[in-house]
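Listing of upload.pdb, PDB, N, CA and C atoms
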```pdb
ATOM      1  N   MET A   1      24.372  48.656 -58.341  1.00  0.00           N
ATOM      2  CA  MET A   1      24.917  48.852 -59.666  1.00  0.00           C
ATOM      3  C   MET A   1      23.787  49.072 -60.668  1.00  0.00           C
ATOM      4  N   VAL A   2      22.740  48.297 -60.544  1.00  0.00           N
ATOM      5  CA  VAL A   2      21.590  48.436 -61.447  1.00  0.00           C
ATOM      6  C   VAL A   2      20.938  49.797 -61.259  1.00  0.00           C
ATOM      7  N   VAL A   3      20.905  50.271 -60.030  1.00  0.00           N
ATOM      8  CA  VAL A   3      20.316  51.577 -59.748  1.00  0.00           C
ATOM      9  C   VAL A   3      21.125  52.678 -60.428  1.00  0.00           C
ATOM     10  N   LEU A   4      22.456  52.595 -60.340  1.00  0.00           N
ATOM     11  CA  LEU A   4      23.291  53.620 -60.959  1.00  0.00           C
ATOM     12  C   LEU A   4      23.150  53.613 -62.480  1.00  0.00           C
ATOM     13  N   ILE A   5      23.115  52.432 -63.069  1.00  0.00           N
ATOM     14  CA  ILE A   5      22.934  52.337 -64.519  1.00  0.00           C
ATOM     15  C   ILE A   5      21.566  52.874 -64.911  1.00  0.00           C
ATOM     16  N   SER A   6      20.561  52.593 -64.119  1.00  0.00           N
ATOM     17  CA  SER A   6      19.219  53.111 -64.390  1.00  0.00           C
ATOM     18  C   SER A   6      19.189  54.641 -64.317  1.00  0.00           C
ATOM     19  N   ILE A   7      19.912  55.206 -63.358  1.00  0.00           N
ATOM     20  CA  ILE A   7      19.970  56.664 -63.236  1.00  0.00           C
ATOM     21  C   ILE A   7      20.613  57.266 -64.479  1.00  0.00           C
ATOM     22  N   VAL A   8      21.723  56.689 -64.917  1.00  0.00           N
ATOM     23  CA  VAL A   8      22.431  57.207 -66.092  1.00  0.00           C
ATOM     24  C   VAL A   8      21.539  57.148 -67.324  1.00  0.00           C
ATOM     25  N   LEU A   9      20.926  55.996 -67.561  1.00  0.00           N
ATOM     26  CA  LEU A   9      20.071  55.863 -68.742  1.00  0.00           C
ATOM     27  C   LEU A   9      18.829  56.742 -68.632  1.00  0.00           C
ATOM     28  N   GLY A  10      18.240  56.808 -67.445  1.00  0.00           N
ATOM     29  CA  GLY A  10      17.055  57.643 -67.252  1.00  0.00           C
ATOM     30  C   GLY A  10      17.344  59.105 -67.508  1.00  0.00           C
ATOM     31  N   LEU A  11      18.431  59.601 -66.955  1.00  0.00           N
ATOM     32  CA  LEU A  11      18.782  61.006 -67.177  1.00  0.00           C
ATOM     33  C   LEU A  11      19.216  61.248 -68.614  1.00  0.00           C
ATOM     34  N   GLY A  12      19.825  60.238 -69.230  1.00  0.00           N
ATOM     35  CA  GLY A  12      20.179  60.358 -70.639  1.00  0.00           C
ATOM     36  C   GLY A  12      18.957  60.460 -71.534  1.00  0.00           C
ATOM     37  N   LEU A  13      17.859  59.852 -71.121  1.00  0.00           N
ATOM     38  CA  LEU A  13      16.616  59.933 -71.888  1.00  0.00           C
ATOM     39  C   LEU A  13      15.872  61.240 -71.628  1.00  0.00           C
ATOM     40  N   ILE A  14      16.035  61.789 -70.426  1.00  0.00           N
ATOM     41  CA  ILE A  14      15.339  63.027 -70.067  1.00  0.00           C
ATOM     42  C   ILE A  14      16.040  64.260 -70.635  1.00  0.00           C
ATOM     43  N   ALA A  15      17.361  64.225 -70.713  1.00  0.00           N
ATOM     44  CA  ALA A  15      18.135  65.398 -71.145  1.00  0.00           C
ATOM     45  C   ALA A  15      17.670  65.972 -72.486  1.00  0.00           C
ATOM     46  N   PRO A  16      17.437  65.160 -73.523  1.00  0.00           N
ATOM     47  CA  PRO A  16      17.003  65.756 -74.793  1.00  0.00           C
ATOM     48  C   PRO A  16      15.649  66.447 -74.697  1.00  0.00           C
ATOM     49  N   MET A  17      14.775  65.934 -73.844  1.00  0.00           N
ATOM     50  CA  MET A  17      13.457  66.550 -73.693  1.00  0.00           C
ATOM     51  C   MET A  17      13.582  67.952 -73.114  1.00  0.00           C
ATOM     52  N   ILE A  18      14.532  68.139 -72.212  1.00  0.00           N
ATOM     53  CA  ILE A  18      14.737  69.435 -71.580  1.00  0.00           C
ATOM     54  C   ILE A  18      15.507  70.369 -72.505  1.00  0.00           C
ATOM     55  N   GLU A  19      16.514  69.852 -73.171  1.00  0.00           N
ATOM     56  CA  GLU A  19      17.429  70.677 -73.952  1.00  0.00           C
ATOM     57  C   GLU A  19      16.925  71.008 -75.352  1.00  0.00           C
ATOM     58  N   ARG A  20      16.075  70.179 -75.914  1.00  0.00           N
ATOM     59  CA  ARG A  20      15.682  70.297 -77.325  1.00  0.00           C
ATOM     60  C   ARG A  20      15.197  71.684 -77.712  1.00  0.00           C
ATOM     61  N   SER A  21      14.423  72.319 -76.861  1.00  0.00           N
ATOM     62  CA  SER A  21      13.809  73.600 -77.227  1.00  0.00           C
ATOM     63  C   SER A  21      14.696  74.813 -76.916  1.00  0.00           C
ATOM     64  N   ALA A  22      15.829  74.599 -76.267  1.00  0.00           N
ATOM     65  CA  ALA A  22      16.692  75.717 -75.889  1.00  0.00           C
ATOM     66  C   ALA A  22      17.523  76.199 -77.076  1.00  0.00           C
ATOM     67  N   GLU A  23      17.764  77.496 -77.112  1.00  0.00           N
ATOM     68  CA  GLU A  23      18.579  78.067 -78.175  1.00  0.00           C
ATOM     69  C   GLU A  23      20.026  77.606 -78.013  1.00  0.00           C
ATOM     70  N   GLY A  24      20.625  77.142 -79.092  1.00  0.00           N
ATOM     71  CA  GLY A  24      22.002  76.663 -79.067  1.00  0.00           C
ATOM     72  C   GLY A  24      22.165  75.262 -78.519  1.00  0.00           C
ATOM     73  N   ALA A  25      21.068  74.531 -78.400  1.00  0.00           N
ATOM     74  CA  ALA A  25      21.117  73.177 -77.836  1.00  0.00           C
ATOM     75  C   ALA A  25      21.893  72.228 -78.745  1.00  0.00           C
ATOM     76  N   THR A  26      22.669  71.346 -78.138  1.00  0.00           N
ATOM     77  CA  THR A  26      23.403  70.335 -78.890  1.00  0.00           C
ATOM     78  C   THR A  26      22.909  68.923 -78.583  1.00  0.00           C
ATOM     79  N   ILE A  27      22.148  68.762 -77.512  1.00  0.00           N
ATOM     80  CA  ILE A  27      21.603  67.456 -77.141  1.00  0.00           C
ATOM     81  C   ILE A  27      20.164  67.418 -77.652  1.00  0.00           C
ATOM     82  N   LEU A  28      19.991  66.871 -78.844  1.00  0.00           N
ATOM     83  CA  LEU A  28      18.686  66.950 -79.504  1.00  0.00           C
ATOM     84  C   LEU A  28      17.966  65.617 -79.622  1.00  0.00           C
ATOM     85  N   THR A  29      18.685  64.509 -79.536  1.00  0.00           N
ATOM     86  CA  THR A  29      18.060  63.191 -79.691  1.00  0.00           C
ATOM     87  C   THR A  29      18.333  62.347 -78.455  1.00  0.00           C
ATOM     88  N   ILE A  30      17.606  61.260 -78.333  1.00  0.00           N
ATOM     89  CA  ILE A  30      17.823  60.342 -77.216  1.00  0.00           C
ATOM     90  C   ILE A  30      19.226  59.751 -77.299  1.00  0.00           C
ATOM     91  N   GLY A  31      19.671  59.446 -78.500  1.00  0.00           N
ATOM     92  CA  GLY A  31      21.036  58.935 -78.674  1.00  0.00           C
ATOM     93  C   GLY A  31      22.076  59.922 -78.180  1.00  0.00           C
ATOM     94  N   ASN A  32      21.895  61.203 -78.499  1.00  0.00           N
ATOM     95  CA  ASN A  32      22.798  62.240 -77.995  1.00  0.00           C
ATOM     96  C   ASN A  32      22.744  62.318 -76.475  1.00  0.00           C
ATOM     97  N   GLY A  33      21.542  62.171 -75.917  1.00  0.00           N
ATOM     98  CA  GLY A  33      21.386  62.239 -74.463  1.00  0.00           C
ATOM     99  C   GLY A  33      22.106  61.109 -73.751  1.00  0.00           C
ATOM    100  N   VAL A  34      21.960  59.901 -74.272  1.00  0.00           N
ATOM    101  CA  VAL A  34      22.636  58.750 -73.656  1.00  0.00           C
ATOM    102  C   VAL A  34      24.147  58.882 -73.825  1.00  0.00           C
ATOM    103  N   TYR A  35      24.593  59.311 -75.005  1.00  0.00           N
ATOM    104  CA  TYR A  35      26.026  59.529 -75.240  1.00  0.00           C
ATOM    105  C   TYR A  35      26.577  60.560 -74.250  1.00  0.00           C
ATOM    106  N   PHE A  36      25.839  61.668 -74.092  1.00  0.00           N
ATOM    107  CA  PHE A  36      26.242  62.702 -73.149  1.00  0.00           C
ATOM    108  C   PHE A  36      26.317  62.132 -71.731  1.00  0.00           C
ATOM    109  N   ALA A  37      25.311  61.341 -71.347  1.00  0.00           N
ATOM    110  CA  ALA A  37      25.272  60.766 -69.999  1.00  0.00           C
ATOM    111  C   ALA A  37      26.462  59.842 -69.764  1.00  0.00           C
ATOM    112  N   VAL A  38      26.751  58.986 -70.714  1.00  0.00           N
ATOM    113  CA  VAL A  38      27.845  58.027 -70.545  1.00  0.00           C
ATOM    114  C   VAL A  38      29.196  58.735 -70.514  1.00  0.00           C
ATOM    115  N   THR A  39      29.424  59.685 -71.423  1.00  0.00           N
ATOM    116  CA  THR A  39      30.716  60.386 -71.414  1.00  0.00           C
ATOM    117  C   THR A  39      30.879  61.229 -70.152  1.00  0.00           C
ATOM    118  N   THR A  40      29.789  61.741 -69.628  1.00  0.00           N
ATOM    119  CA  THR A  40      29.869  62.522 -68.396  1.00  0.00           C
ATOM    120  C   THR A  40      30.170  61.624 -67.206  1.00  0.00           C
ATOM    121  N   VAL A  41      29.497  60.477 -67.123  1.00  0.00           N
ATOM    122  CA  VAL A  41      29.703  59.564 -66.000  1.00  0.00           C
ATOM    123  C   VAL A  41      31.108  58.978 -66.014  1.00  0.00           C
ATOM    124  N   THR A  42      31.643  58.684 -67.178  1.00  0.00           N
ATOM    125  CA  THR A  42      32.983  58.095 -67.235  1.00  0.00           C
ATOM    126  C   THR A  42      34.086  59.117 -67.038  1.00  0.00           C
ATOM    127  N   GLY A  43      33.744  60.371 -66.980  1.00  0.00           N
ATOM    128  CA  GLY A  43      34.727  61.400 -66.726  1.00  0.00           C
ATOM    129  C   GLY A  43      35.443  61.889 -67.973  1.00  0.00           C
ATOM    130  N   VAL A  44      35.067  61.377 -69.130  1.00  0.00           N
ATOM    131  CA  VAL A  44      35.712  61.789 -70.367  1.00  0.00           C
ATOM    132  C   VAL A  44      35.200  63.161 -70.769  1.00  0.00           C
ATOM    133  N   GLY A  45      33.890  63.305 -70.910  1.00  0.00           N
ATOM    134  CA  GLY A  45      33.279  64.589 -71.206  1.00  0.00           C
ATOM    135  C   GLY A  45      33.936  65.343 -72.341  1.00  0.00           C
ATOM    136  N   TYR A  46      33.822  64.858 -73.557  1.00  0.00           N
ATOM    137  CA  TYR A  46      34.504  65.438 -74.705  1.00  0.00           C
ATOM    138  C   TYR A  46      34.151  66.902 -74.936  1.00  0.00           C
ATOM    139  N   GLY A  47      32.986  67.346 -74.517  1.00  0.00           N
ATOM    140  CA  GLY A  47      32.603  68.737 -74.710  1.00  0.00           C
ATOM    141  C   GLY A  47      31.872  69.000 -76.011  1.00  0.00           C
ATOM    142  N   ASP A  48      31.642  67.951 -76.791  1.00  0.00           N
ATOM    143  CA  ASP A  48      30.914  68.137 -78.053  1.00  0.00           C
ATOM    144  C   ASP A  48      29.422  68.273 -77.823  1.00  0.00           C
ATOM    145  N   LEU A  49      28.920  67.703 -76.749  1.00  0.00           N
ATOM    146  CA  LEU A  49      27.517  67.852 -76.368  1.00  0.00           C
ATOM    147  C   LEU A  49      27.495  68.446 -74.965  1.00  0.00           C
ATOM    148  N   VAL A  50      26.926  69.629 -74.841  1.00  0.00           N
ATOM    149  CA  VAL A  50      26.878  70.291 -73.543  1.00  0.00           C
ATOM    150  C   VAL A  50      25.473  70.827 -73.284  1.00  0.00           C
ATOM    151  N   PRO A  51      25.020  70.777 -72.027  1.00  0.00           N
ATOM    152  CA  PRO A  51      23.706  71.335 -71.709  1.00  0.00           C
ATOM    153  C   PRO A  51      23.748  72.859 -71.711  1.00  0.00           C
ATOM    154  N   VAL A  52      22.652  73.464 -72.165  1.00  0.00           N
ATOM    155  CA  VAL A  52      22.585  74.928 -72.190  1.00  0.00           C
ATOM    156  C   VAL A  52      21.516  75.479 -71.248  1.00  0.00           C
ATOM    157  N   THR A  53      20.652  74.625 -70.735  1.00  0.00           N
ATOM    158  CA  THR A  53      19.611  75.082 -69.809  1.00  0.00           C
ATOM    159  C   THR A  53      20.021  74.783 -68.373  1.00  0.00           C
ATOM    160  N   SER A  54      19.364  75.412 -67.436  1.00  0.00           N
ATOM    161  CA  SER A  54      19.654  75.165 -66.020  1.00  0.00           C
ATOM    162  C   SER A  54      19.354  73.727 -65.640  1.00  0.00           C
ATOM    163  N   TRP A  55      18.215  73.205 -66.096  1.00  0.00           N
ATOM    164  CA  TRP A  55      17.865  71.817 -65.787  1.00  0.00           C
ATOM    165  C   TRP A  55      18.846  70.846 -66.424  1.00  0.00           C
ATOM    166  N   GLY A  56      19.293  71.148 -67.625  1.00  0.00           N
ATOM    167  CA  GLY A  56      20.294  70.306 -68.274  1.00  0.00           C
ATOM    168  C   GLY A  56      21.591  70.284 -67.497  1.00  0.00           C
ATOM    169  N   ARG A  57      21.978  71.419 -66.970  1.00  0.00           N
ATOM    170  CA  ARG A  57      23.200  71.491 -66.171  1.00  0.00           C
ATOM    171  C   ARG A  57      23.038  70.770 -64.839  1.00  0.00           C
ATOM    172  N   ILE A  58      21.843  70.809 -64.280  1.00  0.00           N
ATOM    173  CA  ILE A  58      21.575  70.055 -63.048  1.00  0.00           C
ATOM    174  C   ILE A  58      21.710  68.564 -63.323  1.00  0.00           C
ATOM    175  N   ILE A  59      21.165  68.120 -64.452  1.00  0.00           N
ATOM    176  CA  ILE A  59      21.308  66.710 -64.841  1.00  0.00           C
ATOM    177  C   ILE A  59      22.787  66.362 -64.995  1.00  0.00           C
ATOM    178  N   ALA A  60      23.560  67.242 -65.604  1.00  0.00           N
ATOM    179  CA  ALA A  60      24.996  66.998 -65.777  1.00  0.00           C
ATOM    180  C   ALA A  60      25.695  66.867 -64.422  1.00  0.00           C
ATOM    181  N   MET A  61      25.331  67.712 -63.468  1.00  0.00           N
ATOM    182  CA  MET A  61      25.945  67.626 -62.138  1.00  0.00           C
ATOM    183  C   MET A  61      25.587  66.313 -61.448  1.00  0.00           C
ATOM    184  N   ILE A  62      24.336  65.884 -61.596  1.00  0.00           N
ATOM    185  CA  ILE A  62      23.924  64.611 -61.013  1.00  0.00           C
ATOM    186  C   ILE A  62      24.715  63.472 -61.644  1.00  0.00           C
ATOM    187  N   LEU A  63      24.849  63.499 -62.967  1.00  0.00           N
ATOM    188  CA  LEU A  63      25.595  62.457 -63.662  1.00  0.00           C
ATOM    189  C   LEU A  63      27.062  62.443 -63.237  1.00  0.00           C
ATOM    190  N   GLN A  64      27.649  63.601 -63.053  1.00  0.00           N
ATOM    191  CA  GLN A  64      29.047  63.650 -62.616  1.00  0.00           C
ATOM    192  C   GLN A  64      29.195  63.053 -61.227  1.00  0.00           C
ATOM    193  N   THR A  65      28.264  63.354 -60.341  1.00  0.00           N
ATOM    194  CA  THR A  65      28.291  62.794 -58.992  1.00  0.00           C
ATOM    195  C   THR A  65      28.112  61.285 -59.036  1.00  0.00           C
ATOM    196  N   VAL A  66      27.179  60.815 -59.852  1.00  0.00           N
ATOM    197  CA  VAL A  66      26.967  59.372 -60.001  1.00  0.00           C
ATOM    198  C   VAL A  66      28.249  58.711 -60.518  1.00  0.00           C
ATOM    199  N   GLY A  67      28.927  59.353 -61.456  1.00  0.00           N
ATOM    200  CA  GLY A  67      30.168  58.796 -61.992  1.00  0.00           C
ATOM    201  C   GLY A  67      31.237  58.647 -60.928  1.00  0.00           C
ATOM    202  N   VAL A  68      31.406  59.663 -60.092  1.00  0.00           N
ATOM    203  CA  VAL A  68      32.400  59.604 -59.021  1.00  0.00           C
ATOM    204  C   VAL A  68      32.047  58.496 -58.034  1.00  0.00           C
ATOM    205  N   VAL A  69      30.773  58.404 -57.660  1.00  0.00           N
ATOM    206  CA  VAL A  69      30.336  57.365 -56.717  1.00  0.00           C
ATOM    207  C   VAL A  69      30.510  55.981 -57.331  1.00  0.00           C
ATOM    208  N   LEU A  70      30.125  55.825 -58.585  1.00  0.00           N
ATOM    209  CA  LEU A  70      30.218  54.526 -59.255  1.00  0.00           C
ATOM    210  C   LEU A  70      31.661  54.038 -59.307  1.00  0.00           C
ATOM    211  N   PHE A  71      32.561  54.861 -59.808  1.00  0.00           N
ATOM    212  CA  PHE A  71      33.942  54.425 -59.940  1.00  0.00           C
ATOM    213  C   PHE A  71      34.651  54.352 -58.588  1.00  0.00           C
ATOM    214  N   GLY A  72      34.289  55.201 -57.656  1.00  0.00           N
ATOM    215  CA  GLY A  72      34.830  55.095 -56.303  1.00  0.00           C
ATOM    216  C   GLY A  72      34.415  53.795 -55.645  1.00  0.00           C
ATOM    217  N   SER A  73      33.177  53.381 -55.863  1.00  0.00           N
ATOM    218  CA  SER A  73      32.688  52.117 -55.306  1.00  0.00           C
ATOM    219  C   SER A  73      33.415  50.931 -55.914  1.00  0.00           C
ATOM    220  N   ILE A  74      33.650  50.981 -57.207  1.00  0.00           N
ATOM    221  CA  ILE A  74      34.356  49.888 -57.878  1.00  0.00           C
ATOM    222  C   ILE A  74      35.783  49.778 -57.347  1.00  0.00           C
ATOM    223  N   VAL A  75      36.464  50.901 -57.209  1.00  0.00           N
ATOM    224  CA  VAL A  75      37.835  50.892 -56.683  1.00  0.00           C
ATOM    225  C   VAL A  75      37.839  50.372 -55.250  1.00  0.00           C
ATOM    226  N   ALA A  76      36.882  50.779 -54.449  1.00  0.00           N
ATOM    227  CA  ALA A  76      36.807  50.310 -53.068  1.00  0.00           C
ATOM    228  C   ALA A  76      36.581  48.801 -53.009  1.00  0.00           C
ATOM    229  N   MET A  77      35.705  48.277 -53.870  1.00  0.00           N
ATOM    230  CA  MET A  77      35.459  46.827 -53.874  1.00  0.00           C
ATOM    231  C   MET A  77      36.704  46.055 -54.284  1.00  0.00           C
ATOM    232  N   VAL A  78      37.428  46.549 -55.257  1.00  0.00           N
ATOM    233  CA  VAL A  78      38.664  45.887 -55.694  1.00  0.00           C
ATOM    234  C   VAL A  78      39.700  45.947 -54.559  1.00  0.00           C
ATOM    235  N   ALA A  79      39.822  47.093 -53.888  1.00  0.00           N
ATOM    236  CA  ALA A  79      40.777  47.230 -52.789  1.00  0.00           C
ATOM    237  C   ALA A  79      40.453  46.267 -51.655  1.00  0.00           C
ATOM    238  N   VAL A  80      39.187  46.144 -51.326  1.00  0.00           N
ATOM    239  CA  VAL A  80      38.792  45.223 -50.254  1.00  0.00           C
ATOM    240  C   VAL A  80      39.154  43.786 -50.628  1.00  0.00           C
ATOM    241  N   GLU A  81      38.891  43.421 -51.872  1.00  0.00           N
ATOM    242  CA  GLU A  81      39.216  42.056 -52.315  1.00  0.00           C
ATOM    243  C   GLU A  81      40.722  41.808 -52.306  1.00  0.00           C
ATOM    244  N   LEU A  82      41.507  42.809 -52.702  1.00  0.00           N
ATOM    245  CA  LEU A  82      42.967  42.649 -52.689  1.00  0.00           C
ATOM    246  C   LEU A  82      43.509  42.545 -51.272  1.00  0.00           C
ATOM    247  N   LEU A  83      42.931  43.304 -50.349  1.00  0.00           N
ATOM    248  CA  LEU A  83      43.407  43.275 -48.962  1.00  0.00           C
ATOM    249  C   LEU A  83      42.910  42.055 -48.201  1.00  0.00           C
ATOM    250  N   ARG A  84      41.949  41.373 -48.734  1.00  0.00           N
ATOM    251  CA  ARG A  84      41.384  40.193 -48.075  1.00  0.00           C
ATOM    252  C   ARG A  84      42.406  39.050 -48.029  1.00  0.00           C
ATOM    253  N   TYR A  85      43.334  39.028 -48.952  1.00  0.00           N
ATOM    254  CA  TYR A  85      44.303  37.923 -49.028  1.00  0.00           C
ATOM    255  C   TYR A  85      45.592  38.250 -48.335  1.00  0.00           C
TER     256      TYR A  85
END
```

How does this structure look as C-alpha coordinates?
Amino acid sequence: MVVLISIVLGLGLIAPMIERSAEGATILTIGNGVYFAVTTVTGVGYGDLVPVTSWGRIIAMILQTVGVVLFGSIVAMVAVELLRY
(Lines of atoms letter the chains of each structure in order from A and count residues from 1; the text may use other names and numbers.)
(Lines give C-alpha, C1' and ligand atoms only; values in the text may rest on other atoms or scores of the structure.)
Protein backbone atom coordinates (compact mmCIF):
# COMPACT_ATOMS: atom_id res chain seq x y z
CA MET A 1 0.00 0.00 0.00
CA VAL A 2 2.83 2.38 0.86
CA VAL A 3 4.48 1.57 -2.46
CA LEU A 4 1.32 2.42 -4.41
CA ILE A 5 0.86 5.69 -2.54
CA SER A 6 4.51 6.53 -3.16
CA ILE A 7 4.06 5.86 -6.88
CA VAL A 8 1.03 8.15 -7.06
CA LEU A 9 2.71 10.99 -5.19
CA GLY A 10 6.00 10.53 -7.05
CA LEU A 11 4.36 10.65 -10.46
CA GLY A 12 2.21 13.55 -9.31
CA LEU A 13 5.40 15.47 -8.53
CA ILE A 14 7.07 14.53 -11.82
CA ALA A 15 4.12 15.35 -14.10
CA PRO A 16 4.40 19.16 -13.80
CA MET A 17 8.11 19.03 -14.61
CA ILE A 18 7.36 17.21 -17.86
CA GLU A 19 4.21 19.10 -18.81
CA ARG A 20 5.15 22.66 -17.80
CA SER A 21 7.02 23.55 -20.99
CA ALA A 22 4.53 21.99 -23.42
CA GLU A 23 2.19 24.16 -25.45
CA GLY A 24 -1.36 24.02 -24.07
CA ALA A 25 -0.24 22.44 -20.80
CA THR A 26 -2.73 22.46 -17.93
CA ILE A 27 -0.60 20.69 -15.30
CA LEU A 28 1.71 23.52 -14.28
CA THR A 29 2.25 23.19 -10.52
CA ILE A 30 3.02 20.38 -8.11
CA GLY A 31 -0.45 20.83 -6.63
CA ASN A 32 -1.99 20.35 -10.08
CA GLY A 33 0.18 17.27 -10.59
CA VAL A 34 -0.88 15.63 -7.34
CA TYR A 35 -4.53 16.53 -8.00
CA PHE A 36 -4.25 15.01 -11.49
CA ALA A 37 -2.60 11.88 -10.05
CA VAL A 38 -5.25 11.36 -7.38
CA THR A 39 -8.23 11.96 -9.69
CA THR A 40 -6.70 9.62 -12.26
CA VAL A 41 -6.02 6.85 -9.73
CA THR A 42 -9.51 7.05 -8.23
CA GLY A 43 -11.07 6.74 -11.65
CA VAL A 44 -12.85 10.09 -11.47
CA GLY A 45 -10.65 11.91 -13.98
CA TYR A 46 -12.63 15.14 -14.30
CA GLY A 47 -10.75 16.13 -17.46
CA ASP A 48 -9.87 19.61 -16.24
CA LEU A 49 -6.18 18.70 -16.09
CA VAL A 50 -4.90 16.55 -18.93
CA PRO A 51 -1.39 15.67 -20.11
CA VAL A 52 -0.38 16.99 -23.52
CA THR A 53 3.06 15.39 -23.93
CA SER A 54 3.87 11.76 -24.64
CA TRP A 55 5.64 11.36 -21.30
CA GLY A 56 2.71 12.95 -19.51
CA ARG A 57 0.36 10.49 -21.16
CA ILE A 58 2.64 7.61 -20.18
CA ILE A 59 2.47 8.82 -16.58
CA ALA A 60 -1.33 8.95 -16.88
CA MET A 61 -1.43 5.35 -18.14
CA ILE A 62 0.77 4.20 -15.26
CA LEU A 63 -1.47 6.01 -12.78
CA GLN A 64 -4.59 4.44 -14.28
CA THR A 65 -3.04 0.98 -14.00
CA VAL A 66 -2.00 1.66 -10.40
CA GLY A 67 -5.57 2.77 -9.65
CA VAL A 68 -7.07 -0.44 -11.04
CA VAL A 69 -4.55 -2.58 -9.12
CA LEU A 70 -5.03 -0.60 -5.90
CA PHE A 71 -8.81 -0.79 -5.86
CA GLY A 72 -8.85 -4.36 -7.15
CA SER A 73 -6.56 -5.35 -4.29
CA ILE A 74 -8.78 -3.63 -1.74
CA VAL A 75 -11.89 -5.38 -3.09
CA ALA A 76 -10.08 -8.72 -3.06
CA MET A 77 -8.97 -8.25 0.56
CA VAL A 78 -12.51 -7.37 1.64
CA ALA A 79 -13.90 -10.40 -0.26
CA VAL A 80 -11.41 -12.73 1.40
CA GLU A 81 -12.31 -11.39 4.84
CA LEU A 82 -16.05 -11.76 4.14
CA LEU A 83 -15.63 -15.33 2.89
CA ARG A 84 -13.48 -16.26 5.87
CA TYR A 85 -16.55 -16.38 8.14

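If only C-alpha atoms are the atoms counted, then among A:Ser21, A:Met1, A:Thr39, A:Ile27 the closest residue to Ile74 of chain A is A:Met1.
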
Which of segment 9-61 of chain A fall in alpha helix (DSSP H), as a ChimeraX atom specification:
/A:9-19,30-41,54-61

Selection result for the PyMOL selection byres ((chain A and resi 26) around 6) on this file, as a tab-separated table (two decimals) with N, CA and C atoms, in the coordinates of the input:
```tsv
chain	number	residue	atom	x	y	z
A	24	GLY	N	20.62	77.14	-79.09
A	24	GLY	CA	22.00	76.66	-79.07
A	24	GLY	C	22.16	75.26	-78.52
A	25	ALA	N	21.07	74.53	-78.40
A	25	ALA	CA	21.12	73.18	-77.84
A	25	ALA	C	21.89	72.23	-78.74
A	27	ILE	N	22.15	68.76	-77.51
A	27	ILE	CA	21.60	67.46	-77.14
A	27	ILE	C	20.16	67.42	-77.65
A	28	LEU	N	19.99	66.87	-78.84
A	28	LEU	CA	18.69	66.95	-79.50
A	28	LEU	C	17.97	65.62	-79.62
A	49	LEU	N	28.92	67.70	-76.75
A	49	LEU	CA	27.52	67.85	-76.37
A	49	LEU	C	27.50	68.45	-74.96
A	50	VAL	N	26.93	69.63	-74.84
A	50	VAL	CA	26.88	70.29	-73.54
A	50	VAL	C	25.47	70.83	-73.28
```

I'd like to see the residues matched by the PyMOL selection byres ((chain A and resi 53) around 8) on this file, and ideally I'd get them as a PyMOL selection string.
chain A and resi 18-19+22-25+50-52+54-59

Keeping only N, CA and C atoms, write the selected residues to a file as a short mmCIF file (atom, residue, chain, number, x, y, z; two decimals), keeping the file's coordinate frame.
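Output below, filename part26.cif:
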```
data_model
loop_
_atom_site.label_atom_id
_atom_site.label_comp_id
_atom_site.auth_asym_id
_atom_site.auth_seq_id
_atom_site.Cartn_x
_atom_site.Cartn_y
_atom_site.Cartn_z
N ILE A 18 14.53 68.14 -72.21
CA ILE A 18 14.74 69.44 -71.58
C ILE A 18 15.51 70.37 -72.50
N GLU A 19 16.51 69.85 -73.17
CA GLU A 19 17.43 70.68 -73.95
C GLU A 19 16.92 71.01 -75.35
N ALA A 22 15.83 74.60 -76.27
CA ALA A 22 16.69 75.72 -75.89
C ALA A 22 17.52 76.20 -77.08
N GLU A 23 17.76 77.50 -77.11
CA GLU A 23 18.58 78.07 -78.18
C GLU A 23 20.03 77.61 -78.01
N GLY A 24 20.62 77.14 -79.09
CA GLY A 24 22.00 76.66 -79.07
C GLY A 24 22.16 75.26 -78.52
N ALA A 25 21.07 74.53 -78.40
CA ALA A 25 21.12 73.18 -77.84
C ALA A 25 21.89 72.23 -78.74
N VAL A 50 26.93 69.63 -74.84
CA VAL A 50 26.88 70.29 -73.54
C VAL A 50 25.47 70.83 -73.28
N PRO A 51 25.02 70.78 -72.03
CA PRO A 51 23.71 71.33 -71.71
C PRO A 51 23.75 72.86 -71.71
N VAL A 52 22.65 73.46 -72.17
CA VAL A 52 22.58 74.93 -72.19
C VAL A 52 21.52 75.48 -71.25
N SER A 54 19.36 75.41 -67.44
CA SER A 54 19.65 75.17 -66.02
C SER A 54 19.35 73.73 -65.64
N TRP A 55 18.22 73.20 -66.10
CA TRP A 55 17.86 71.82 -65.79
C TRP A 55 18.85 70.85 -66.42
N GLY A 56 19.29 71.15 -67.62
CA GLY A 56 20.29 70.31 -68.27
C GLY A 56 21.59 70.28 -67.50
N ARG A 57 21.98 71.42 -66.97
CA ARG A 57 23.20 71.49 -66.17
C ARG A 57 23.04 70.77 -64.84
N ILE A 58 21.84 70.81 -64.28
CA ILE A 58 21.58 70.06 -63.05
C ILE A 58 21.71 68.56 -63.32
N ILE A 59 21.16 68.12 -64.45
CA ILE A 59 21.31 66.71 -64.84
C ILE A 59 22.79 66.36 -65.00
#
```

Please provide the set of residues having any atom within 9 Å of Ala60 of chain A, restricted to only C-alpha atoms, with same-chain residues fewer than 5 positions apart removed, written as a ChimeraX atom specification.
/A:11,15,36-37,40-41,50-51,55,65

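Going from atom N of Met17 of chain A over to atom CA of Gly33 of chain A, you cover 7.6 Å.
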
Report, as AutoDock Vina command-line options, the centre and edge lengths in Å (one decimal) of the axis-aligned box enclosing every listed atom of segment 24-41 of chain A, padded by 4 Å on each side.
```
--center_x 24.4 --center_y 67.6 --center_z -72.8 --size_x 21.5 --size_y 27.1 --size_z 21.7
```

Hits of the PyMOL selection byres ((chain A and resi 12) around 7) in this structure, as a VMD selection string
chain A and resid 7 to 11 13 to 16 30 32 to 38

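For the residues A:Gly72, A:Val66, A:Met61, A:Tyr85, ranking by smallest atom-to-atom distance to Leu4 of chain A using only N, CA and C atoms places A:Val66 first.
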
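Picture a line from atom N of Val80 of chain A to atom C of Val68 of chain A; it runs 15.8 Å.
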
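Here atom N of Gln64 of chain A stands at a distance of 8.3 Å from atom CA of Gly43 of chain A.
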